[in-house]
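To be precise, the following lines are start31.cif, and they hold mmCIF, C-alpha atoms and all ligand atoms.
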data_start
#
loop_
_atom_site.label_atom_id
_atom_site.label_comp_id
_atom_site.auth_asym_id
_atom_site.auth_seq_id
_atom_site.Cartn_x
_atom_site.Cartn_y
_atom_site.Cartn_z
CA MET A 82 147.45 -124.11 171.13
CA SER A 83 146.35 -127.25 172.92
CA GLU A 84 147.65 -130.68 171.97
CA LEU A 85 146.12 -134.11 171.31
CA ARG A 86 148.18 -136.98 172.72
CA TYR A 87 147.67 -140.70 172.11
CA ASP A 88 148.08 -143.38 174.79
CA PRO A 89 148.88 -146.62 172.91
CA LEU A 90 148.29 -148.75 176.03
CA GLN A 91 144.74 -147.55 176.63
CA ARG A 92 144.16 -146.83 172.91
CA ARG A 93 142.91 -143.43 173.96
CA TRP A 94 143.46 -139.82 173.00
CA VAL A 95 143.55 -136.99 175.53
CA ILE A 96 143.54 -133.22 175.14
CA ILE A 97 146.41 -131.48 176.88
CA ALA A 98 144.84 -128.06 177.13
CA SER A 99 147.57 -125.46 177.31
CA GLU A 100 144.92 -122.75 176.86
CA ARG A 101 143.59 -123.80 180.23
CA GLN A 102 147.10 -124.27 181.50
CA ARG A 103 147.35 -124.07 185.23
CA ARG A 104 150.30 -123.90 187.55
CA PRO A 105 151.25 -127.08 189.45
CA ASP A 106 150.42 -125.48 192.79
CA ASP A 107 146.87 -124.76 191.59
CA PHE A 108 146.25 -128.42 192.33
CA ILE A 109 147.05 -128.38 196.04
CA ASN A 110 144.53 -130.61 197.76
CA PRO A 111 141.22 -128.91 198.56
CA TYR A 112 139.74 -132.06 200.13
CA LYS A 113 140.99 -132.65 203.66
CA VAL A 114 139.72 -135.69 205.56
CA THR A 115 139.38 -136.31 209.26
CA SER A 116 139.36 -139.58 211.15
CA SER A 117 138.05 -141.17 214.32
CA PRO A 118 140.22 -144.07 215.54
CA GLU A 119 137.80 -145.14 218.33
CA LYS A 120 135.26 -146.60 215.94
CA CYS A 121 137.74 -147.92 213.37
CA PRO A 122 137.30 -151.65 212.59
CA PHE A 123 140.86 -151.78 211.24
CA CYS A 124 142.57 -150.65 214.47
CA TYR A 125 144.15 -153.04 217.03
CA GLY A 126 141.57 -154.50 219.39
CA ASN A 127 138.71 -154.27 216.89
CA GLU A 128 139.53 -157.46 214.99
CA ASP A 129 136.06 -158.86 215.80
CA LYS A 130 134.48 -156.00 213.82
CA THR A 131 135.76 -157.41 210.51
CA PRO A 132 135.08 -160.80 208.90
CA PRO A 133 137.65 -163.44 209.99
CA GLU A 134 141.25 -163.14 208.94
CA ILE A 135 142.24 -164.83 205.66
CA TYR A 136 145.94 -164.10 206.02
CA ALA A 137 148.19 -161.94 208.20
CA VAL A 138 151.83 -161.02 208.60
CA ARG A 139 152.75 -161.41 212.28
CA ARG A 140 156.21 -161.08 213.78
CA ASP A 141 155.12 -162.50 217.15
CA ASN A 142 153.13 -165.62 217.95
CA SER A 143 149.81 -163.80 218.36
CA SER A 144 146.81 -165.78 217.20
CA PRO A 145 144.50 -164.91 214.28
CA ASP A 146 141.93 -162.16 214.84
CA THR A 147 143.85 -160.64 217.74
CA PRO A 148 146.27 -157.67 217.79
CA GLY A 149 149.93 -158.27 216.89
CA TRP A 150 149.61 -158.32 213.11
CA ARG A 151 151.52 -156.01 210.73
CA VAL A 152 149.39 -156.63 207.66
CA ARG A 153 145.98 -158.26 207.85
CA VAL A 154 143.72 -159.58 205.08
CA THR A 155 140.00 -160.17 205.60
CA LYS A 156 136.94 -160.44 203.40
CA ASN A 157 135.24 -157.13 202.74
CA LYS A 158 132.31 -156.78 205.12
CA TYR A 159 130.10 -155.65 202.23
CA PRO A 160 131.55 -157.64 199.33
CA ALA A 161 130.79 -156.59 195.75
CA LEU A 162 131.18 -160.23 194.69
CA SER A 163 131.33 -163.53 196.58
CA LEU A 164 132.48 -167.05 195.95
CA GLY A 165 130.70 -170.30 196.79
CA ASP A 166 131.00 -173.70 195.17
CA GLU A 167 129.10 -172.70 192.04
CA GLU A 168 130.59 -172.91 188.56
CA HIS A 169 130.98 -169.75 186.59
CA ASN A 170 128.04 -169.74 184.26
CA LEU A 171 128.10 -166.92 181.75
CA GLN A 172 124.93 -166.90 179.70
CA PRO A 173 123.38 -164.84 176.99
CA TYR A 174 120.24 -163.00 178.03
CA GLY A 175 118.63 -161.95 174.77
CA VAL A 176 121.08 -159.50 173.28
CA TYR A 177 122.68 -159.05 176.70
CA GLY A 178 124.84 -161.28 178.85
CA ARG A 179 124.65 -162.21 182.51
CA SER A 180 126.29 -164.32 185.19
CA GLU A 181 126.08 -164.83 188.94
CA GLY A 182 128.05 -162.25 190.94
CA LEU A 183 130.89 -164.69 191.40
CA GLY A 184 134.24 -163.48 192.72
CA THR A 185 136.02 -162.30 195.84
CA HIS A 186 136.38 -158.99 197.58
CA GLU A 187 139.12 -158.69 200.20
CA VAL A 188 140.62 -155.91 202.28
CA ILE A 189 144.33 -155.62 203.05
CA ILE A 190 144.77 -153.60 206.25
CA GLU A 191 148.10 -151.85 206.00
CA GLY A 192 149.52 -151.78 209.50
CA PRO A 193 147.99 -150.95 212.88
CA ASP A 194 148.67 -147.21 212.60
CA HIS A 195 145.38 -145.45 211.89
CA GLU A 196 146.86 -142.13 210.78
CA LEU A 197 149.86 -143.03 208.65
CA GLY A 198 149.44 -143.22 204.86
CA MET A 199 151.62 -145.23 202.48
CA ALA A 200 153.72 -142.11 201.81
CA ASP A 201 154.98 -142.30 205.40
CA PHE A 202 155.07 -146.05 205.99
CA PRO A 203 158.36 -147.49 207.22
CA GLU A 204 159.95 -149.25 204.27
CA ASP A 205 159.62 -152.74 205.80
CA LEU A 206 155.85 -152.27 206.17
CA THR A 207 155.46 -151.41 202.47
CA ILE A 208 157.58 -154.48 201.66
CA ASP A 209 155.28 -156.66 203.79
CA ILE A 210 152.25 -155.18 202.00
CA LEU A 211 153.74 -155.89 198.55
CA LYS A 212 154.59 -159.45 199.62
CA THR A 213 151.00 -159.81 200.81
CA TYR A 214 149.78 -158.73 197.35
CA ARG A 215 152.01 -161.41 195.85
CA LYS A 216 150.77 -164.04 198.31
CA ARG A 217 147.08 -163.30 197.63
CA LEU A 218 147.65 -163.25 193.85
CA VAL A 219 149.29 -166.69 193.99
CA GLU A 220 146.50 -168.06 196.16
CA LEU A 221 143.58 -166.60 194.20
CA ARG A 222 145.05 -167.67 190.86
CA ASN A 223 144.51 -171.28 191.96
CA ASP A 224 140.78 -170.78 191.46
CA GLU A 225 140.21 -171.26 187.74
CA ARG A 226 136.87 -169.51 187.91
CA LEU A 227 138.67 -166.23 188.57
CA LYS A 228 139.97 -164.64 185.39
CA TYR A 229 141.24 -161.42 186.81
CA ILE A 230 142.51 -160.22 190.20
CA LEU A 231 142.63 -156.47 190.63
CA ILE A 232 144.48 -154.88 193.55
CA PHE A 233 143.76 -151.22 194.18
CA LYS A 234 143.79 -148.52 196.79
CA ASN A 235 141.52 -145.57 197.39
CA HIS A 236 143.20 -142.82 199.40
CA GLY A 237 140.90 -140.06 200.67
CA SER A 238 137.11 -139.98 200.60
CA ILE A 239 136.95 -138.20 197.22
CA ALA A 240 138.88 -141.18 195.81
CA GLY A 241 136.29 -143.56 197.28
CA ALA A 242 137.79 -144.54 200.65
CA SER A 243 134.98 -145.13 203.16
CA LEU A 244 137.42 -145.82 205.98
CA PHE A 245 140.35 -143.57 206.86
CA HIS A 246 142.66 -146.34 208.14
CA PRO A 247 145.14 -147.21 205.34
CA HIS A 248 144.11 -150.25 203.33
CA SER A 249 144.11 -151.75 199.84
CA GLN A 250 141.45 -153.96 198.31
CA ILE A 251 141.37 -156.98 196.04
CA ILE A 252 138.46 -157.76 193.74
CA ALA A 253 138.73 -160.95 191.71
CA THR A 254 136.28 -161.38 188.83
CA PRO A 255 135.19 -164.21 186.51
CA ILE A 256 135.54 -161.83 183.55
CA ILE A 257 138.37 -159.55 182.46
CA PRO A 258 137.45 -155.95 183.27
CA ARG A 259 137.23 -153.54 180.34
CA THR A 260 140.22 -151.33 181.21
CA VAL A 261 142.47 -154.37 181.55
CA GLN A 262 141.02 -155.93 178.40
CA ILE A 263 141.95 -152.84 176.39
CA GLU A 264 145.54 -152.98 177.68
CA LEU A 265 145.76 -156.70 176.96
CA LEU A 266 144.53 -156.24 173.39
CA ALA A 267 146.79 -153.22 172.85
CA THR A 268 149.93 -154.99 174.09
CA ARG A 269 149.07 -158.19 172.23
CA GLY A 270 148.50 -156.21 169.02
CA PHE A 271 151.76 -154.30 169.45
CA TYR A 272 153.66 -157.53 170.03
CA GLY A 273 152.10 -159.07 166.94
CA GLU A 274 153.38 -156.21 164.80
CA ARG A 275 156.74 -155.43 166.33
CA ARG A 276 157.71 -158.57 168.28
CA ASN A 277 158.35 -156.40 171.31
CA CYS A 278 156.59 -155.38 174.52
CA LEU A 279 154.77 -152.04 174.27
CA ILE A 280 155.50 -151.16 177.90
CA CYS A 281 159.22 -152.01 177.52
CA GLU A 282 159.22 -149.60 174.57
CA MET A 283 157.39 -146.91 176.58
CA ILE A 284 159.98 -147.27 179.35
CA LYS A 285 162.83 -146.98 176.83
CA GLN A 286 161.36 -143.77 175.43
CA GLU A 287 160.86 -142.30 178.92
CA GLN A 288 164.47 -143.15 179.80
CA ASP A 289 165.67 -141.46 176.60
CA GLU A 290 163.56 -138.33 176.99
CA LYS A 291 163.79 -138.12 180.82
CA VAL A 292 161.35 -135.15 180.88
CA ARG A 293 158.49 -137.08 182.51
CA THR A 294 160.58 -139.32 184.78
CA ILE A 295 160.32 -138.84 188.54
CA TYR A 296 162.29 -141.87 189.70
CA ASP A 297 164.60 -144.45 188.08
CA ASP A 298 166.92 -146.64 190.15
CA GLY A 299 167.73 -149.07 187.37
CA THR A 300 165.12 -151.59 188.60
CA ILE A 301 161.91 -149.56 188.92
CA ILE A 302 160.86 -146.47 186.98
CA ALA A 303 158.12 -143.92 187.79
CA PHE A 304 157.02 -141.29 185.32
CA ASN A 305 154.11 -138.99 184.54
CA THR A 306 152.14 -140.63 181.73
CA TYR A 307 152.71 -138.96 178.33
CA ALA A 308 148.97 -138.86 177.60
CA SER A 309 147.86 -138.27 181.22
CA ARG A 310 144.12 -137.86 181.58
CA PHE A 311 144.51 -136.15 184.93
CA PRO A 312 147.14 -133.80 186.38
CA PHE A 313 150.02 -135.75 187.96
CA GLU A 314 148.91 -139.18 186.68
CA LEU A 315 151.75 -141.62 187.36
CA PHE A 316 152.96 -144.89 185.90
CA ILE A 317 155.30 -147.21 187.84
CA ALA A 318 156.82 -150.38 186.35
CA PRO A 319 159.78 -152.73 186.61
CA ILE A 320 162.38 -151.87 183.97
CA LYS A 321 163.09 -155.53 183.28
CA HIS A 322 160.22 -157.18 181.43
CA GLN A 323 157.84 -159.19 183.61
CA ALA A 324 154.21 -159.96 182.86
CA TYR A 325 153.28 -161.22 186.33
CA PHE A 326 153.55 -159.26 189.57
CA HIS A 327 153.40 -162.49 191.57
CA LYS A 328 156.57 -163.78 189.88
CA GLU A 329 158.72 -160.87 191.08
CA ASN A 330 161.43 -161.71 193.62
CA ASN A 331 161.97 -160.05 197.01
CA THR A 332 164.70 -157.73 195.69
CA THR A 333 162.36 -156.21 193.10
CA LEU A 334 159.58 -155.80 195.69
CA GLU A 335 162.07 -154.08 198.03
CA LYS A 336 163.04 -151.69 195.22
CA LEU A 337 159.36 -151.12 194.45
CA ALA A 338 158.71 -150.23 198.11
CA LEU A 339 161.49 -147.62 197.93
CA CYS A 340 160.04 -146.18 194.72
CA LEU A 341 156.49 -146.02 196.13
CA GLY A 342 157.76 -144.30 199.29
CA ASN A 343 159.70 -141.76 197.24
CA VAL A 344 156.97 -140.96 194.74
CA LEU A 345 154.09 -140.87 197.26
CA LYS A 346 156.12 -138.61 199.57
CA ARG A 347 156.64 -136.18 196.67
CA LEU A 348 152.95 -136.26 195.80
CA LYS A 349 151.95 -135.74 199.44
CA LYS A 350 154.36 -132.87 200.01
CA ALA A 351 153.86 -131.12 196.66
CA LEU A 352 150.05 -131.28 196.70
CA ASP A 353 149.23 -131.48 200.43
CA ASP A 354 148.22 -135.15 200.65
CA PRO A 355 145.89 -135.33 197.64
CA PRO A 356 143.24 -138.04 197.30
CA PHE A 357 144.30 -140.69 194.80
CA ASN A 358 143.53 -144.13 193.39
CA TYR A 359 146.29 -146.58 192.80
CA ILE A 360 145.84 -149.65 190.69
CA LEU A 361 147.99 -152.69 190.04
CA HIS A 362 147.65 -154.14 186.55
CA THR A 363 149.13 -157.61 186.32
CA SER A 364 148.46 -160.42 183.82
CA PRO A 365 145.15 -162.25 183.94
CA ASN A 366 144.86 -165.87 184.95
CA LYS A 367 145.58 -167.79 181.75
CA GLU A 368 144.32 -171.04 183.25
CA ALA A 369 140.85 -169.57 183.78
CA GLY A 370 138.41 -170.70 181.15
CA PRO A 371 136.78 -170.44 178.79
CA ALA A 372 139.21 -168.78 176.39
CA TYR A 373 139.85 -168.95 172.65
CA PRO A 374 142.53 -171.57 172.05
CA GLY A 375 145.91 -169.89 171.65
CA PHE A 376 144.58 -166.46 172.63
CA TRP A 377 147.14 -166.00 175.42
CA ASN A 378 150.06 -167.56 173.56
CA THR A 379 152.26 -164.45 173.70
CA LEU A 380 150.96 -163.05 177.02
CA ASP A 381 154.22 -163.71 178.92
CA ASP A 382 156.11 -161.62 176.35
CA ASP A 383 153.56 -158.96 175.48
CA PHE A 384 152.13 -157.87 178.86
CA HIS A 385 154.15 -156.03 181.52
CA TRP A 386 152.76 -155.42 185.02
CA HIS A 387 152.57 -151.85 186.28
CA ILE A 388 150.99 -149.57 188.86
CA GLU A 389 148.96 -146.52 187.90
CA ILE A 390 148.42 -143.68 190.37
CA ILE A 391 145.61 -141.26 189.61
CA PRO A 392 145.42 -138.17 191.85
CA ARG A 393 141.80 -137.03 192.11
CA LEU A 394 142.10 -133.28 191.82
CA VAL A 395 139.84 -132.45 188.89
CA LYS A 396 136.25 -133.46 188.21
CA THR A 397 135.10 -135.62 185.31
CA ALA A 398 132.36 -133.72 183.46
CA GLY A 399 129.89 -134.18 180.59
CA PHE A 400 132.43 -133.97 177.80
CA GLU A 401 134.63 -136.67 179.37
CA TRP A 402 131.66 -138.98 180.07
CA GLY A 403 130.22 -138.42 176.64
CA SER A 404 133.39 -138.79 174.61
CA GLY A 405 135.89 -140.73 176.69
CA LEU A 406 138.21 -137.87 175.78
CA HIS A 407 139.74 -136.21 178.82
CA ILE A 408 140.87 -132.61 178.99
CA ASN A 409 143.97 -132.31 181.14
CA PRO A 410 144.89 -128.75 182.10
CA MET A 411 148.37 -129.74 183.30
CA LEU A 412 151.28 -130.49 180.98
CA PRO A 413 152.74 -133.87 182.11
CA GLU A 414 156.31 -132.60 181.67
CA LYS A 415 155.56 -129.69 183.98
CA ALA A 416 153.94 -132.01 186.56
CA ALA A 417 157.07 -134.20 186.48
CA GLU A 418 159.35 -131.20 186.94
CA PHE A 419 157.28 -130.04 189.92
CA LEU A 420 157.44 -133.49 191.56
CA ARG A 421 161.17 -133.88 190.85
CA GLU A 422 161.91 -130.51 192.42
CA THR A 423 159.87 -131.26 195.57
CA GLU A 424 162.25 -131.88 198.46
CA ILE A 425 161.51 -134.98 200.53
ZN ZN B 1 142.00 -147.40 212.46
ZN ZN B 2 157.85 -155.37 178.83
#

Please express what this file holds, its structure, as structure tokens.
Amino acid sequence: MSELRYDPLQRRWVIIASERQRRPDDFINPYKVTSSPEKCPFCYGNEDKTPPEIYAVRRDNSSPDTPGWRVRVTKNKYPALSLGDEEHNLQPYGVYGRSEGLGTHEVIIEGPDHELGMADFPEDLTIDILKTYRKRLVELRNDERLKYILIFKNHGSIAGASLFHPHSQIIATPIIPRTVQIELLATRGFYGERRNCLICEMIKQEQDEKVRTIYDDGTIIAFNTYASRFPFELFIAPIKHQAYFHKENNTTLEKLALCLGNVLKRLKKALDDPPFNYILHTSPNKEAGPAYPGFWNTLDDDFHWHIEIIPRLVKTAGFEWGSGLHINPMLPEKAAEFLRETEI
């Protein structure tokens, strides 16, 4: 018999279909990608093929827009949103709503090595990348027109990566995106009822049950989500409550780098470098207006930043689009066991 599982954070049910149960190794990556470093705008020497540098980590004294960087941030060449001097002007349009496409779209180029993915990054490079996330979050939060800053990564063309060279992206928006909004309302509602953080409670339950946990070093935990929509869906969070990624100290970011290395290596080895999306959910910018007075009063206590990793190994079909109800053919506990047993 299959099972319906509820995800309190996304307020969403999923079907864990044991009837369609498949073995973990049925999901070994069928989508291999190839690369061509000569034409890559993210490789050393091609700095003039991207928009000018916004920020970079450099260990030497090399100047902006030349080689020598370890992590480099530029505007996206084809930005989804852009930012001028205009005010954010959200207006009704009949029964609809509209606004200018105000926001930012940046690319974080993750090291000069064209071939290496985050699973194989040296630890200090991942730390520099995480510190760059923090830096950009702090900077972009100064703009009160930007309500939400989403950092994400597409790995593999099936997951949406148009360039092979490892990179993350940042899209900041004048509205709070739907998926984040649902989490914010869910955690706020939970806090209102129980005076506790929903994600802290999820972590406690995962630590008690242990069956879905892949990694737990006392600072950072990674587990397969109880109500995973997709096989091998992962959730990574700090064990100690913190609503804002940009408020984490260096020690926590160093521990997070270790966790990401560990978990991504397992995923890569177990499933032959599968395509995936990874998403950082941190708190929205409270200072950004307009907001209902008092709406964010408990945000610091009720929200808890986290990273979601979604391997892209199954297709989303009519039933999922039509119902929002996903059918997952892989038991999350079995996925976790498979990842835990993978030698790295
Ligand atoms: Zn490259
Ligand atoms: Zn919490």

Self-check item: Within 9 Å of ligand ZN 2 (chain B), counting all atoms listed in the file, residues as a PyMOL selection string
Solution: chain A and resi 277-284+319-324+382-386

Sort by chain and increasing residue number a table of all residues of chain A within 12 Å of ligand ZN 1 (chain B), each with its closest pair of atoms and their distance in Å to one decimal, counting only C-alpha atoms and all ligand atoms, and write it as JSON lines.
{"residue": "A:Thr115", "atom": "CA", "partner": "B:ZN1", "partner_atom": "ZN", "distance": 11.8}
{"residue": "A:Ser116", "atom": "CA", "partner": "B:ZN1", "partner_atom": "ZN", "distance": 8.4}
{"residue": "A:Ser117", "atom": "CA", "partner": "B:ZN1", "partner_atom": "ZN", "distance": 7.6}
{"residue": "A:Pro118", "atom": "CA", "partner": "B:ZN1", "partner_atom": "ZN", "distance": 4.9}
{"residue": "A:Glu119", "atom": "CA", "partner": "B:ZN1", "partner_atom": "ZN", "distance": 7.6}
{"residue": "A:Lys120", "atom": "CA", "partner": "B:ZN1", "partner_atom": "ZN", "distance": 7.6}
{"residue": "A:Cys121", "atom": "CA", "partner": "B:ZN1", "partner_atom": "ZN", "distance": 4.4}
{"residue": "A:Pro122", "atom": "CA", "partner": "B:ZN1", "partner_atom": "ZN", "distance": 6.3}
{"residue": "A:Phe123", "atom": "CA", "partner": "B:ZN1", "partner_atom": "ZN", "distance": 4.7}
{"residue": "A:Cys124", "atom": "CA", "partner": "B:ZN1", "partner_atom": "ZN", "distance": 3.9}
{"residue": "A:Tyr125", "atom": "CA", "partner": "B:ZN1", "partner_atom": "ZN", "distance": 7.6}
{"residue": "A:Gly126", "atom": "CA", "partner": "B:ZN1", "partner_atom": "ZN", "distance": 9.9}
{"residue": "A:Asn127", "atom": "CA", "partner": "B:ZN1", "partner_atom": "ZN", "distance": 8.8}
{"residue": "A:Glu128", "atom": "CA", "partner": "B:ZN1", "partner_atom": "ZN", "distance": 10.7}
{"residue": "A:Lys130", "atom": "CA", "partner": "B:ZN1", "partner_atom": "ZN", "distance": 11.5}
{"residue": "A:Thr131", "atom": "CA", "partner": "B:ZN1", "partner_atom": "ZN", "distance": 12.0}
{"residue": "A:Ile190", "atom": "CA", "partner": "B:ZN1", "partner_atom": "ZN", "distance": 9.2}
{"residue": "A:Glu191", "atom": "CA", "partner": "B:ZN1", "partner_atom": "ZN", "distance": 9.9}
{"residue": "A:Gly192", "atom": "CA", "partner": "B:ZN1", "partner_atom": "ZN", "distance": 9.2}
{"residue": "A:Pro193", "atom": "CA", "partner": "B:ZN1", "partner_atom": "ZN", "distance": 7.0}
{"residue": "A:Asp194", "atom": "CA", "partner": "B:ZN1", "partner_atom": "ZN", "distance": 6.7}
{"residue": "A:His195", "atom": "CA", "partner": "B:ZN1", "partner_atom": "ZN", "distance": 3.9}
{"residue": "A:Glu196", "atom": "CA", "partner": "B:ZN1", "partner_atom": "ZN", "distance": 7.4}
{"residue": "A:Leu197", "atom": "CA", "partner": "B:ZN1", "partner_atom": "ZN", "distance": 9.8}
{"residue": "A:Gly198", "atom": "CA", "partner": "B:ZN1", "partner_atom": "ZN", "distance": 11.4}
{"residue": "A:Ser243", "atom": "CA", "partner": "B:ZN1", "partner_atom": "ZN", "distance": 11.9}
{"residue": "A:Leu244", "atom": "CA", "partner": "B:ZN1", "partner_atom": "ZN", "distance": 8.1}
{"residue": "A:Phe245", "atom": "CA", "partner": "B:ZN1", "partner_atom": "ZN", "distance": 7.0}
{"residue": "A:His246", "atom": "CA", "partner": "B:ZN1", "partner_atom": "ZN", "distance": 4.5}
{"residue": "A:Pro247", "atom": "CA", "partner": "B:ZN1", "partner_atom": "ZN", "distance": 7.8}
{"residue": "A:His248", "atom": "CA", "partner": "B:ZN1", "partner_atom": "ZN", "distance": 9.8}

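A straight line drawn from atom CA of A:Arg215 to atom CA of A:Leu227 is 15.9 Å long.
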
Practice problem: State, in Å with one decimal place, the distance from atom CA of A:Met199 to atom CA of A:Leu337. | Solution: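 Distance between the two atoms: 12.6 Å.
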
Quiz item: Given the choices A:Ile388, A:Val95, A:Val188, A:Leu85, which gets closest to A:Phe304 if the distance is worked out from all atoms listed in the file?
Solution: A:Ile388

Quiz item: If we count all atoms listed in the file, what is near A:Leu348 at a cut-off of 9 Å, once residues fewer than 5 positions away on the same chain are taken out, given as a ChimeraX atom specification?
Solution: /A:200,313,343,353-355,392,420,423

Edge lengths and centre in Å, axis-aligned, stretch 330-340 of chain A plus 6 Å each side, as AutoDock Vina command-line options:
--center_x 161.7 --center_y -153.9 --center_z 195.6 --size_x 18.0 --size_y 27.5 --size_z 17.0

Quiz item: Using all atoms listed in the file, which residues sit within 6 Å of A:Ala318 once same-chain residues fewer than 3 positions away are excluded, as a ChimeraX atom specification?
Solution: /A:301-302,387

Quiz item: Could you name the residues that touch A:Ile256 at 12 Å or less, counting all atoms listed in the file, but leaving out those on the same chain fewer than 6 positions away, as a ChimeraX atom specification?
Solution: /A:169-171,178-184,225-231,262,365-367,369-372
